[in-house]
file query.txt (compact mmCIF, C-alpha atoms and all ligand atoms)
# COMPACT_ATOMS: atom_id res chain seq x y z
CA MET A 160 80.35 36.60 -77.49
CA SER A 161 81.72 37.91 -80.76
CA PHE A 162 80.07 36.79 -83.96
CA SER A 163 82.31 36.35 -86.98
CA GLN A 164 80.92 33.47 -89.00
CA ILE A 165 77.18 33.16 -89.66
CA GLY A 166 75.47 30.16 -91.23
CA VAL A 167 72.19 30.13 -93.14
CA VAL A 168 70.34 26.88 -93.91
CA GLY A 169 67.80 27.03 -96.73
CA LEU A 170 68.47 29.37 -99.65
CA GLY A 171 65.00 30.31 -100.86
CA ILE A 172 63.94 33.97 -101.01
CA MET A 173 64.25 34.45 -97.24
CA GLY A 174 67.47 32.43 -96.79
CA ALA A 175 69.21 34.18 -99.68
CA GLY A 176 68.03 37.55 -98.33
CA ILE A 177 69.43 36.75 -94.88
CA VAL A 178 72.76 35.72 -96.47
CA GLU A 179 72.82 39.13 -98.18
CA VAL A 180 72.04 41.00 -94.94
CA PHE A 181 74.98 39.44 -93.08
CA SER A 182 77.50 39.51 -95.93
CA ARG A 183 76.69 43.18 -96.60
CA ALA A 184 77.33 43.88 -92.90
CA GLY A 185 80.84 42.38 -93.18
CA TYR A 186 80.29 38.89 -91.71
CA GLN A 187 81.70 35.69 -93.20
CA VAL A 188 78.64 33.68 -94.26
CA VAL A 189 78.10 30.01 -95.04
CA GLY A 190 74.94 29.29 -97.02
CA VAL A 191 73.77 25.67 -97.10
CA ALA A 192 70.88 24.11 -99.03
CA GLU A 193 69.75 20.52 -99.55
CA SER A 194 70.56 20.18 -103.25
CA ALA A 195 72.92 21.55 -105.89
CA ALA A 196 69.93 23.18 -107.62
CA ALA A 197 68.84 24.92 -104.40
CA VAL A 198 72.40 26.16 -103.82
CA GLU A 199 72.50 27.54 -107.38
CA ALA A 200 69.14 29.26 -106.88
CA GLY A 201 70.41 30.87 -103.66
CA LYS A 202 73.60 32.06 -105.38
CA SER A 203 71.59 33.45 -108.26
CA ASN A 204 69.26 35.38 -105.87
CA LEU A 205 72.27 36.99 -104.20
CA THR A 206 73.94 37.80 -107.54
CA LYS A 207 70.74 39.37 -108.93
CA SER A 208 70.12 41.45 -105.82
CA LEU A 209 73.71 42.76 -105.77
CA ALA A 210 73.62 43.48 -109.52
CA ARG A 211 70.44 45.52 -109.00
CA ALA A 212 72.16 47.55 -106.26
CA VAL A 213 75.18 48.13 -108.55
CA SER A 214 72.97 49.19 -111.48
CA LYS A 215 71.18 51.67 -109.19
CA GLY A 216 74.54 53.09 -108.05
CA LYS A 217 73.94 51.90 -104.45
CA LEU A 218 77.05 49.67 -104.49
CA THR A 219 80.24 49.76 -106.56
CA GLN A 220 81.25 46.63 -108.48
CA ASP A 221 84.19 46.21 -106.08
CA GLN A 222 81.89 46.34 -103.04
CA SER A 223 79.56 43.84 -104.65
CA ASP A 224 82.51 41.50 -105.37
CA GLU A 225 83.68 41.78 -101.74
CA ILE A 226 80.18 40.94 -100.47
CA SER A 227 80.00 37.85 -102.73
CA ALA A 228 83.50 36.75 -101.74
CA ARG A 229 82.46 36.64 -98.06
CA VAL A 230 79.88 33.91 -98.81
CA LEU A 231 80.68 30.23 -99.08
CA PHE A 232 77.84 28.16 -100.56
CA GLY A 233 77.48 24.38 -100.29
CA GLU A 234 75.30 21.37 -99.55
CA ASN A 235 77.12 19.89 -96.57
CA PHE A 236 76.14 20.71 -92.97
CA ASP A 237 79.81 20.16 -91.95
CA LEU A 238 80.56 23.54 -93.57
CA LEU A 239 78.63 25.08 -90.65
CA ALA A 240 80.87 23.55 -87.94
CA ASN A 241 82.57 26.81 -86.90
CA CYS A 242 79.59 29.15 -87.18
CA ASP A 243 78.80 31.30 -84.14
CA LEU A 244 75.17 31.54 -85.22
CA VAL A 245 73.21 29.48 -87.75
CA ILE A 246 69.82 30.69 -88.99
CA GLU A 247 67.48 28.11 -90.49
CA ALA A 248 65.18 29.39 -93.26
CA ALA A 249 63.54 26.20 -94.56
CA PRO A 250 59.85 25.82 -95.54
CA GLU A 251 57.18 26.07 -92.80
CA ILE A 252 56.99 22.34 -92.01
CA LEU A 253 57.62 21.47 -88.37
CA SER A 254 58.93 17.95 -89.04
CA LEU A 255 61.43 19.34 -91.57
CA LYS A 256 62.66 21.99 -89.15
CA VAL A 257 62.98 19.43 -86.33
CA GLU A 258 65.08 17.23 -88.61
CA ILE A 259 67.30 20.17 -89.64
CA PHE A 260 67.86 21.22 -86.02
CA SER A 261 68.85 17.74 -85.00
CA LYS A 262 71.41 17.73 -87.84
CA LEU A 263 72.60 21.24 -86.91
CA ASP A 264 73.03 20.15 -83.30
CA ALA A 265 75.43 17.44 -84.45
CA ALA A 266 77.30 19.60 -86.98
CA VAL A 267 77.73 23.01 -85.29
CA LYS A 268 80.27 23.63 -82.48
CA PRO A 269 78.66 23.43 -79.00
CA SER A 270 78.99 27.21 -78.39
CA GLY A 271 77.08 27.99 -81.60
CA ILE A 272 73.63 29.59 -81.34
CA LEU A 273 70.91 28.02 -83.49
CA ALA A 274 68.08 30.25 -84.72
CA THR A 275 64.96 29.54 -86.74
CA ASN A 276 63.39 32.05 -89.10
CA THR A 277 60.04 30.29 -88.68
CA SER A 278 57.02 32.48 -89.45
CA SER A 279 54.75 30.93 -86.81
CA LEU A 280 55.80 27.46 -85.69
CA SER A 281 56.70 26.58 -82.12
CA VAL A 282 60.33 27.53 -81.43
CA THR A 283 60.08 25.45 -78.24
CA GLN A 284 59.32 22.28 -80.20
CA ILE A 285 62.22 23.03 -82.55
CA ALA A 286 64.56 23.67 -79.58
CA ASN A 287 63.54 20.35 -78.05
CA ALA A 288 65.08 18.57 -81.06
CA THR A 289 68.55 19.63 -79.88
CA SER A 290 70.82 18.98 -76.91
CA ARG A 291 71.22 22.79 -76.47
CA PRO A 292 67.70 24.27 -76.11
CA ALA A 293 69.11 27.21 -74.11
CA LYS A 294 70.96 28.26 -77.27
CA VAL A 295 67.97 27.96 -79.61
CA ILE A 296 65.85 31.00 -80.44
CA GLY A 297 63.65 32.43 -83.17
CA MET A 298 65.03 35.19 -85.39
CA HIS A 299 62.23 36.21 -87.71
CA PHE A 300 63.13 38.40 -90.70
CA PHE A 301 60.70 40.05 -93.13
CA ASN A 302 60.63 39.84 -96.91
CA PRO A 303 62.67 41.26 -98.62
CA ALA A 304 65.16 40.73 -95.76
CA PRO A 305 67.69 43.29 -97.04
CA VAL A 306 64.95 45.96 -97.15
CA GLN A 307 62.71 45.42 -94.11
CA LYS A 308 64.30 46.72 -90.93
CA PHE A 309 62.34 44.71 -88.36
CA VAL A 310 63.36 41.39 -86.80
CA GLU A 311 61.40 39.52 -84.12
CA VAL A 312 63.50 37.66 -81.57
CA ILE A 313 61.55 34.79 -80.09
CA SER A 314 62.64 33.36 -76.77
CA THR A 315 61.31 30.16 -75.20
CA ALA A 316 61.17 29.00 -71.59
CA HIS A 317 64.55 27.30 -72.25
CA SER A 318 66.33 30.32 -73.77
CA ASP A 319 69.41 31.64 -72.03
CA PRO A 320 68.77 35.40 -71.50
CA GLU A 321 72.42 36.09 -72.40
CA VAL A 322 71.96 34.40 -75.77
CA VAL A 323 68.87 36.53 -76.41
CA ALA A 324 70.73 39.72 -75.45
CA GLU A 325 73.69 38.82 -77.69
CA VAL A 326 71.44 38.16 -80.67
CA ILE A 327 69.61 41.46 -80.12
CA GLU A 328 72.96 43.26 -80.06
CA LEU A 329 74.01 41.46 -83.24
CA GLY A 330 70.72 42.41 -84.95
CA ASN A 331 71.16 46.05 -83.97
CA SER A 332 74.64 45.97 -85.53
CA LEU A 333 72.92 45.07 -88.83
CA GLY A 334 70.87 48.28 -88.65
CA LYS A 335 67.71 46.31 -87.79
CA HIS A 336 65.12 47.15 -85.14
CA LEU A 337 64.55 44.10 -82.94
CA ALA A 338 61.54 43.30 -80.79
CA ARG A 339 61.46 40.49 -78.28
CA ILE A 340 58.41 38.25 -78.11
CA SER A 341 57.65 34.96 -76.40
CA ASP A 342 56.88 31.80 -78.36
CA GLN A 343 53.29 32.32 -79.58
CA PRO A 344 51.80 31.35 -82.98
CA GLY A 345 52.45 34.14 -85.52
CA PHE A 346 54.45 36.21 -83.01
CA ILE A 347 53.52 39.91 -83.45
CA VAL A 348 53.47 40.82 -87.13
CA ASN A 349 52.30 37.61 -88.79
CA LYS A 350 49.45 37.22 -86.30
CA LEU A 351 48.09 40.60 -87.42
CA LEU A 352 49.18 40.52 -91.05
CA LEU A 353 47.95 37.03 -91.90
CA ARG A 354 44.49 37.67 -90.48
CA TYR A 355 44.30 40.83 -92.61
CA LEU A 356 45.48 38.97 -95.73
CA ASN A 357 43.04 36.12 -95.06
CA HIS A 358 40.21 38.64 -94.57
CA ALA A 359 41.01 40.08 -98.01
CA VAL A 360 40.77 36.66 -99.68
CA GLN A 361 37.54 35.91 -97.80
CA ILE A 362 36.12 39.14 -99.29
CA LEU A 363 37.43 38.10 -102.71
CA ASP A 364 35.87 34.62 -102.33
CA SER A 365 32.52 36.18 -101.42
CA GLY A 366 32.53 38.19 -104.65
CA GLN A 367 32.22 41.56 -102.86
CA ALA A 368 35.35 42.97 -104.49
CA SER A 369 38.01 42.04 -107.02
CA LYS A 370 41.69 41.63 -106.20
CA GLU A 371 42.46 44.83 -108.12
CA GLN A 372 39.83 46.75 -106.12
CA MET A 373 41.29 45.55 -102.82
CA ASP A 374 44.90 46.13 -103.81
CA ALA A 375 44.17 49.59 -105.20
CA ALA A 376 42.08 50.44 -102.10
CA MET A 377 44.87 49.67 -99.62
CA ARG A 378 47.51 51.42 -101.72
CA GLU A 379 45.42 54.53 -102.40
CA HIS A 380 43.47 54.96 -99.14
CA SER A 381 46.16 53.88 -96.66
CA GLY A 382 49.38 54.33 -98.67
CA TYR A 383 50.41 50.68 -98.24
CA PRO A 384 53.32 49.71 -100.52
CA MET A 385 51.32 46.72 -101.76
CA GLY A 386 47.73 45.53 -101.60
CA PRO A 387 46.87 42.23 -99.87
CA CYS A 388 46.83 40.03 -103.01
CA GLU A 389 50.11 41.47 -104.23
CA LEU A 390 51.62 40.84 -100.81
CA LEU A 391 50.32 37.26 -100.66
CA ASP A 392 52.09 36.67 -103.98
CA LEU A 393 55.31 38.18 -102.63
CA ILE A 394 55.35 36.14 -99.40
CA GLY A 395 54.21 32.89 -101.09
CA ILE A 396 50.59 31.77 -100.81
CA ASP A 397 51.65 28.29 -99.62
CA THR A 398 53.63 29.85 -96.77
CA CYS A 399 50.62 32.01 -95.85
CA VAL A 400 48.34 28.95 -95.77
CA GLU A 401 50.78 27.16 -93.44
CA ILE A 402 51.01 30.18 -91.11
CA LEU A 403 47.22 30.47 -91.01
CA LYS A 404 46.87 26.78 -90.18
CA THR A 405 49.17 27.28 -87.17
CA ILE A 406 47.28 30.38 -86.03
CA HIS A 407 43.91 28.70 -86.59
CA ALA A 408 44.96 25.65 -84.56
CA ASP A 409 45.55 28.08 -81.68
CA THR A 410 42.56 30.45 -81.96
CA LYS A 411 40.01 28.03 -83.53
CA LEU A 412 38.32 31.11 -85.05
CA ALA A 413 36.69 30.81 -88.49
CA ILE A 414 38.36 34.08 -89.54
CA ASP A 415 41.77 32.36 -89.22
CA GLU A 416 40.87 29.34 -91.34
CA PRO A 417 42.81 29.67 -94.63
CA ALA A 418 40.43 31.17 -97.23
CA VAL A 419 39.34 28.81 -100.02
CA GLY A 420 40.76 31.11 -102.72
CA MET A 421 44.25 30.70 -101.27
CA VAL A 422 44.02 26.95 -100.78
CA GLU A 423 42.83 26.48 -104.38
CA LEU A 424 45.69 28.54 -105.82
CA VAL A 425 48.21 26.49 -103.86
CA SER A 426 46.62 23.22 -105.04
CA SER A 427 46.96 24.37 -108.65
CA GLY A 428 50.66 25.17 -108.13
CA LYS A 429 50.12 28.96 -108.24
CA LYS A 430 52.01 29.88 -105.10
CA GLY A 431 52.86 33.47 -105.98
CA ARG A 432 55.86 35.20 -107.53
CA LYS A 433 58.21 32.30 -106.86
CA THR A 434 56.20 30.05 -109.21
CA GLY A 435 55.55 32.77 -111.80
CA SER A 436 51.89 33.24 -110.85
CA GLY A 437 49.53 33.44 -107.92
CA PHE A 438 46.74 35.99 -107.69
CA TYR A 439 48.58 37.71 -110.55
CA ASP A 440 50.61 36.43 -113.49
CA TYR A 441 54.28 37.48 -113.36
CA SER A 442 55.27 36.44 -116.88
CA GLU A 443 55.29 40.16 -117.67
CA ARG A 444 56.16 43.16 -115.54
CA LEU A 445 53.05 44.35 -113.70
CA ASP A 446 51.98 47.88 -112.92
CA ALA A 447 50.28 48.63 -109.61
CA PRO A 448 46.62 47.45 -109.78
CA THR A 449 44.04 50.18 -110.37
CA ASP A 450 40.25 50.37 -110.31
CA SER A 451 37.82 53.23 -110.67
CA ASN A 452 34.94 51.89 -108.54
CA GLU A 453 35.42 54.25 -105.59
CA ALA A 454 32.40 52.94 -103.65
CA VAL A 455 33.68 49.34 -103.57
CA LYS A 456 37.24 50.46 -102.81
CA SER A 457 36.06 52.63 -99.96
CA GLN A 458 33.98 49.80 -98.46
CA VAL A 459 36.73 47.14 -98.61
CA HIS A 460 39.29 49.61 -97.31
CA ASN A 461 37.03 50.35 -94.34
CA ASP A 462 36.39 46.67 -93.61
CA LEU A 463 40.01 45.53 -93.92
CA LEU A 464 41.35 48.47 -91.93
CA ILE A 465 38.80 48.34 -89.11
CA ALA A 466 39.17 44.59 -88.55
CA TYR A 467 42.97 44.97 -88.47
CA LEU A 468 42.89 47.94 -86.07
CA GLY A 469 40.57 45.95 -83.79
CA ASP A 470 43.09 43.09 -83.75
CA CYS A 471 45.89 45.51 -82.85
CA ILE A 472 43.84 46.97 -79.98
CA ALA A 473 43.11 43.45 -78.68
CA MET A 474 46.75 42.39 -79.01
CA GLU A 475 47.91 45.33 -76.90
CA ALA A 476 45.05 45.11 -74.39
CA THR A 477 45.78 41.47 -73.60
CA GLY A 478 49.43 42.28 -72.86
CA TYR A 479 50.64 40.21 -75.84
CA ALA A 480 52.79 43.06 -77.23
CA THR A 481 53.32 46.77 -76.63
CA LYS A 482 51.93 49.55 -78.82
CA ALA A 483 55.50 50.55 -79.69
CA ASP A 484 56.45 47.04 -80.86
CA ILE A 485 53.21 46.63 -82.84
CA ASP A 486 53.68 50.00 -84.56
CA SER A 487 57.37 49.32 -85.30
CA GLY A 488 56.62 45.82 -86.55
CA MET A 489 53.99 46.94 -89.05
CA LYS A 490 56.04 49.92 -90.26
CA LEU A 491 59.52 48.41 -90.34
CA GLY A 492 58.51 44.80 -91.12
CA CYS A 493 55.88 45.50 -93.79
CA GLY A 494 56.76 49.00 -94.99
CA LEU A 495 53.44 50.52 -93.86
CA PRO A 496 53.53 54.32 -93.73
CA GLU A 497 51.98 54.45 -90.24
CA GLY A 498 51.68 52.07 -87.33
CA PRO A 499 48.13 50.99 -86.35
CA PHE A 500 48.19 52.98 -83.11
CA GLU A 501 49.21 56.10 -85.03
CA VAL A 502 46.19 55.53 -87.28
CA ILE A 503 43.91 54.97 -84.26
CA GLU A 504 45.22 58.17 -82.65
CA LYS A 505 44.35 60.14 -85.79
CA MET A 506 40.90 58.55 -86.26
CA GLY A 507 39.97 58.70 -82.59
CA ILE A 508 39.28 55.56 -80.58
CA GLU A 509 35.52 56.18 -80.42
CA LYS A 510 35.28 56.29 -84.22
CA VAL A 511 37.24 53.04 -84.45
CA ARG A 512 35.01 51.37 -81.86
CA SER A 513 31.80 52.39 -83.59
CA ALA A 514 33.20 51.21 -86.94
CA GLN A 515 34.07 47.86 -85.31
CA ALA A 516 30.53 47.52 -83.98
CA GLU A 517 29.06 48.36 -87.40
CA LEU A 518 31.37 45.85 -89.16
CA SER A 519 30.51 43.11 -86.67
CA GLU A 520 26.78 43.72 -87.00
CA ARG A 521 26.84 43.89 -90.82
CA THR A 522 28.99 40.76 -91.28
CA GLY A 523 27.76 38.76 -88.28
CA VAL A 524 31.37 38.12 -87.23
CA VAL A 525 31.53 38.33 -83.42
CA ALA A 526 35.34 38.57 -83.47
CA TYR A 527 35.09 42.04 -85.06
CA GLN A 528 33.25 43.48 -82.04
CA PRO A 529 35.06 46.14 -80.00
CA LEU A 530 36.49 45.00 -76.67
CA PRO A 531 34.38 45.86 -73.63
CA LEU A 532 35.60 49.19 -72.24
N1 LIG A 601 66.15 42.26 -102.33
C1 LIG A 601 66.89 43.34 -102.05
N2 LIG A 601 66.46 44.60 -102.22
C2 LIG A 601 65.23 44.77 -102.73
C3 LIG A 601 64.39 43.69 -103.05
C4 LIG A 601 64.90 42.39 -102.83
N3 LIG A 601 64.19 41.30 -103.09
N4 LIG A 601 63.21 44.17 -103.52
C5 LIG A 601 63.30 45.51 -103.49
N5 LIG A 601 64.51 45.86 -103.01
C6 LIG A 601 65.00 47.22 -102.78
C7 LIG A 601 65.24 47.94 -104.08
O1 LIG A 601 66.54 47.71 -104.56
C8 LIG A 601 65.03 49.38 -103.66
O2 LIG A 601 66.20 49.83 -102.98
P1 LIG A 601 66.66 51.37 -103.03
O3 LIG A 601 65.55 52.16 -102.39
O4 LIG A 601 67.92 51.36 -102.23
O5 LIG A 601 66.83 51.67 -104.47
C9 LIG A 601 63.92 49.29 -102.61
O6 LIG A 601 63.95 47.96 -102.12
C10 LIG A 601 62.57 49.59 -103.21
O7 LIG A 601 62.39 48.68 -104.30
P2 LIG A 601 61.65 49.01 -105.65
O8 LIG A 601 61.77 50.49 -105.96
O9 LIG A 601 62.07 48.05 -106.68
O10 LIG A 601 60.16 48.60 -105.37
P3 LIG A 601 59.10 49.20 -104.38
O11 LIG A 601 59.36 50.61 -104.01
O12 LIG A 601 57.83 48.84 -105.02
O13 LIG A 601 59.31 48.32 -103.04
C11 LIG A 601 59.01 46.46 -101.65
C12 LIG A 601 59.25 46.95 -103.08
C13 LIG A 601 60.22 46.81 -100.79
C14 LIG A 601 58.84 44.96 -101.71
C15 LIG A 601 57.73 47.20 -101.09
O14 LIG A 601 56.67 47.03 -102.00
C16 LIG A 601 57.28 46.66 -99.74
O15 LIG A 601 57.83 47.01 -98.71
N6 LIG A 601 56.23 45.81 -99.76
C17 LIG A 601 55.69 45.21 -98.52
C18 LIG A 601 56.46 43.95 -98.22
C19 LIG A 601 56.05 43.33 -96.91
O16 LIG A 601 55.01 43.60 -96.34
N7 LIG A 601 56.92 42.45 -96.41
C20 LIG A 601 56.64 41.67 -95.19
C21 LIG A 601 55.89 40.44 -95.54
S1 LIG A 601 55.60 39.41 -94.12
C22 LIG A 601 57.00 38.49 -93.96
O17 LIG A 601 57.91 38.58 -94.72
C23 LIG A 601 57.03 37.53 -92.82
C24 LIG A 601 57.01 36.13 -93.29
O18 LIG A 601 57.15 35.28 -92.17
C25 LIG A 601 55.74 35.75 -93.99

call {"tool": "encode", "arguments": {"input": "query.txt", "output": "structure tokens"}}
result
Amino acid sequence: MSFSQIGVVGLGIMGAGIVEVFSRAGYQVVGVAESAAAVEAGKSNLTKSLARAVSKGKLTQDQSDEISARVLFGENFDLLANCDLVIEAAPEILSLKVEIFSKLDAAVKPSGILATNTSSLSVTQIANATSRPAKVIGMHFFNPAPVQKFVEVISTAHSDPEVVAEVIELGNSLGKHLARISDQPGFIVNKLLLRYLNHAVQILDSGQASKEQMDAAMREHSGYPMGPCELLDLIGIDTCVEILKTIHADTKLAIDEPAVGMVELVSSGKKGRKTGSGFYDYSERLDAPTDSNEAVKSQVHNDLLIAYLGDCIAMEATGYATKADIDSGMKLGCGLPEGPFEVIEKMGIEKVRSAQAELSERTGVVAYQPLPL
């Protein structure tokens, strides 16, 4: 199958980013949102992102104009009729996605592939809302979509293997690294990342460390591009709470229950950068958080890192995902300087295991224990 026209439904940060990815790669793109205001916001995101690339000398004005000219924005699903692939990037609400897919099924030509950019919801349940479940898959991009090079392709029991192969080929043509995963809550990266982010807010809630101490610790000790509270603000705290609810419904573990600090921020409308504030206030430009309490930073860095490495070990050991896909996902999806298995290799597995045992004993959390050998 040759892809020429790509549709995107939902023009928030992720949807607008996905529009940019495809239009930059030379595809004709149709971007649809539910209201005139949402369409304008999507257009403005694309314009700002292209203007930034022009001001940095990464694109010429002519190239930027050509990229914009390839995108048609609108509110009507009929605009998507001739798309070869439509990617849905609406909020993480299953009933909303089911409704959108039923409308897409009616609007898009029968040969069109329908993909969801869901962060954790069941792709199978979304596929069941259509008359073409074999042509429905997950295509999960990372924020900012034009920057992060990793995409998870989620297949269900219904998925036509040819459709999956075609989408992987398409993704590779965008310069992305694709990993295939079956339909499981949180897929690869979010399952690991959200537990780590939740752990950070649980530490914050307990008063053991401040957000600045945690953010500075992960930046300085592990070279992460952002600390956990900064990253929660970038993703959207409301989205993170929804992903955690899905993961928690599956694992039933207390460590996956959305931390109170996150739930409270969402209730007060502070959902992160998109609302102007979250853990931090974005009314002014922020510098990277710093803190001079080395003892606290060292402790929280140890605890966050060891719990996360333990999760990675368990994910690989249970056959959920390969070491290569986990390492690629965390490096290319989240910009981490090293994959978890590269870190484990350097530290030595015995050191990681004894640190897991110490963390579990000190915190009383059984889930942090090392796996039996
Ligand atoms: N759109 C397009 N390009 C962007 C961008 C955006 N929103 N934000 C940054 N960029 C580009 C910049 O133009 C710059 O490009 P250049 O190197 O070609 O000049 C490059 O990214 C670096 O940007 P900056 O110099 O402005 O800023 P930083 O170096 O601080 O990087 C960052 C910003 C790329 C966001 C980096 O901090 C990062 O990678 N953070 C981690 C983000 C992460 O973990 N994402 C995954 C979240 S999980 C997810 O999305 C899944 C979902 O389901 C929840």

call {"tool": "residues_near_ligand", "arguments": {"input": "query.txt", "ligand": "ligand LIG 601 (chain A)", "cutoff": "6 Å", "atoms": "all atoms listed in the file", "output": "list in words"}}
result
Ser208, Ala212, Ser278, Phe301, Asn302, Pro303, Pro305, Val306, Pro384, Met385, Ile394, Gly492, Cys493 and Gly494 of chain A

call {"tool": "residues_near_point", "arguments": {"input": "query.txt", "point": "(46.5, 37.2, -109.8)", "cutoff": "8 Å", "atoms": "only C-alpha atoms", "output": "ChimeraX atom specification"}}
result
/A:370,388-389,436-440

call {"tool": "residues_around", "arguments": {"input": "query.txt", "residues": "A:Ser427", "least_positions_apart": "2", "cutoff": "12 Å", "atoms": "only C-alpha atoms", "output": "list in words"}}
result
Ile396, Asp397, Gly420, Met421, Val422, Glu423, Leu424, Val425, Lys429, Lys430, Gly431, Thr434, Ser436, Gly437 and Phe438 of chain A

call {"tool": "atom_distance", "arguments": {"input": "query.txt", "atom1": "atom CA of A:Ser194", "atom2": "atom CA of A:Gly174"}}
result
14.2 Å

call {"tool": "closest_residue", "arguments": {"input": "query.txt", "among": "A:Glu328, A:Glu371, A:Asp462, A:Asp484", "to": "A:Val524", "atoms": "only C-alpha atoms"}}
result
A:Asp462

call {"tool": "atom_distance", "arguments": {"input": "query.txt", "atom1": "atom CA of A:Asp450", "atom2": "atom CA of A:Arg378"}}
result
11.3 Å

call {"tool": "atom_distance", "arguments": {"input": "query.txt", "atom1": "atom CA of A:Thr477", "atom2": "atom CA of A:Phe300"}}
result
24.6 Å

call {"tool": "closest_residue", "arguments": {"input": "query.txt", "among": "A:Met474, A:Ala192, A:Leu464, A:Leu391", "to": "A:Ala514", "atoms": "only C-alpha atoms"}}
result
A:Leu464

call {"tool": "residues_around", "arguments": {"input": "query.txt", "residues": "A:Val213", "least_positions_apart": "6", "cutoff": "9 Å", "atoms": "only C-alpha atoms", "output": "ChimeraX atom specification"}}
result
/A:219-220,222-223

call {"tool": "residues_near_point", "arguments": {"input": "query.txt", "point": "(48.0, 36.2, -89.9)", "cutoff": "7 Å", "atoms": "only C-alpha atoms", "output": "list in words"}}
result
Gly345, Asn349, Lys350, Leu351, Leu352, Leu353, Arg354, Tyr355, Leu356, Ile402 and Leu403 of chain A

call {"tool": "write_last_selection", "arguments": {"input": "query.txt", "atoms": "C-alpha atoms", "output": "compact mmCIF listing (two decimals), in the frame of the given file"}}
result
# COMPACT_ATOMS: atom_id res chain seq x y z
CA GLY A 345 52.45 34.14 -85.52
CA ASN A 349 52.30 37.61 -88.79
CA LYS A 350 49.45 37.22 -86.30
CA LEU A 351 48.09 40.60 -87.42
CA LEU A 352 49.18 40.52 -91.05
CA LEU A 353 47.95 37.03 -91.90
CA ARG A 354 44.49 37.67 -90.48
CA TYR A 355 44.30 40.83 -92.61
CA LEU A 356 45.48 38.97 -95.73
CA ILE A 402 51.01 30.18 -91.11
CA LEU A 403 47.22 30.47 -91.01

call {"tool": "residues_around", "arguments": {"input": "query.txt", "residues": "A:Ser513", "least_positions_apart": "6", "cutoff": "10 Å", "atoms": "only C-alpha atoms", "output": "compact mmCIF listing (two decimals) with C-alpha atoms, in the coordinates of the input"}}
result
# COMPACT_ATOMS: atom_id res chain seq x y z
CA ILE A 465 38.80 48.34 -89.11
CA SER A 519 30.51 43.11 -86.67
CA GLN A 528 33.25 43.48 -82.04
CA PRO A 529 35.06 46.14 -80.00

call {"tool": "residues_around", "arguments": {"input": "query.txt", "residues": "stretch 407-418 of chain A", "least_positions_apart": "4", "cutoff": "8 Å", "atoms": "only C-alpha atoms", "output": "list in words"}}
result
Pro344, Arg354, Asn357, His358, Val360, Gln361, Asp364, Val400, Leu403 and Val422 of chain A

call {"tool": "residues_around", "arguments": {"input": "query.txt", "residues": "A:Asp486", "least_positions_apart": "5", "cutoff": "9 Å", "atoms": "all atoms listed in the file", "output": "ChimeraX atom specification"}}
result
/A:481,491,497-501
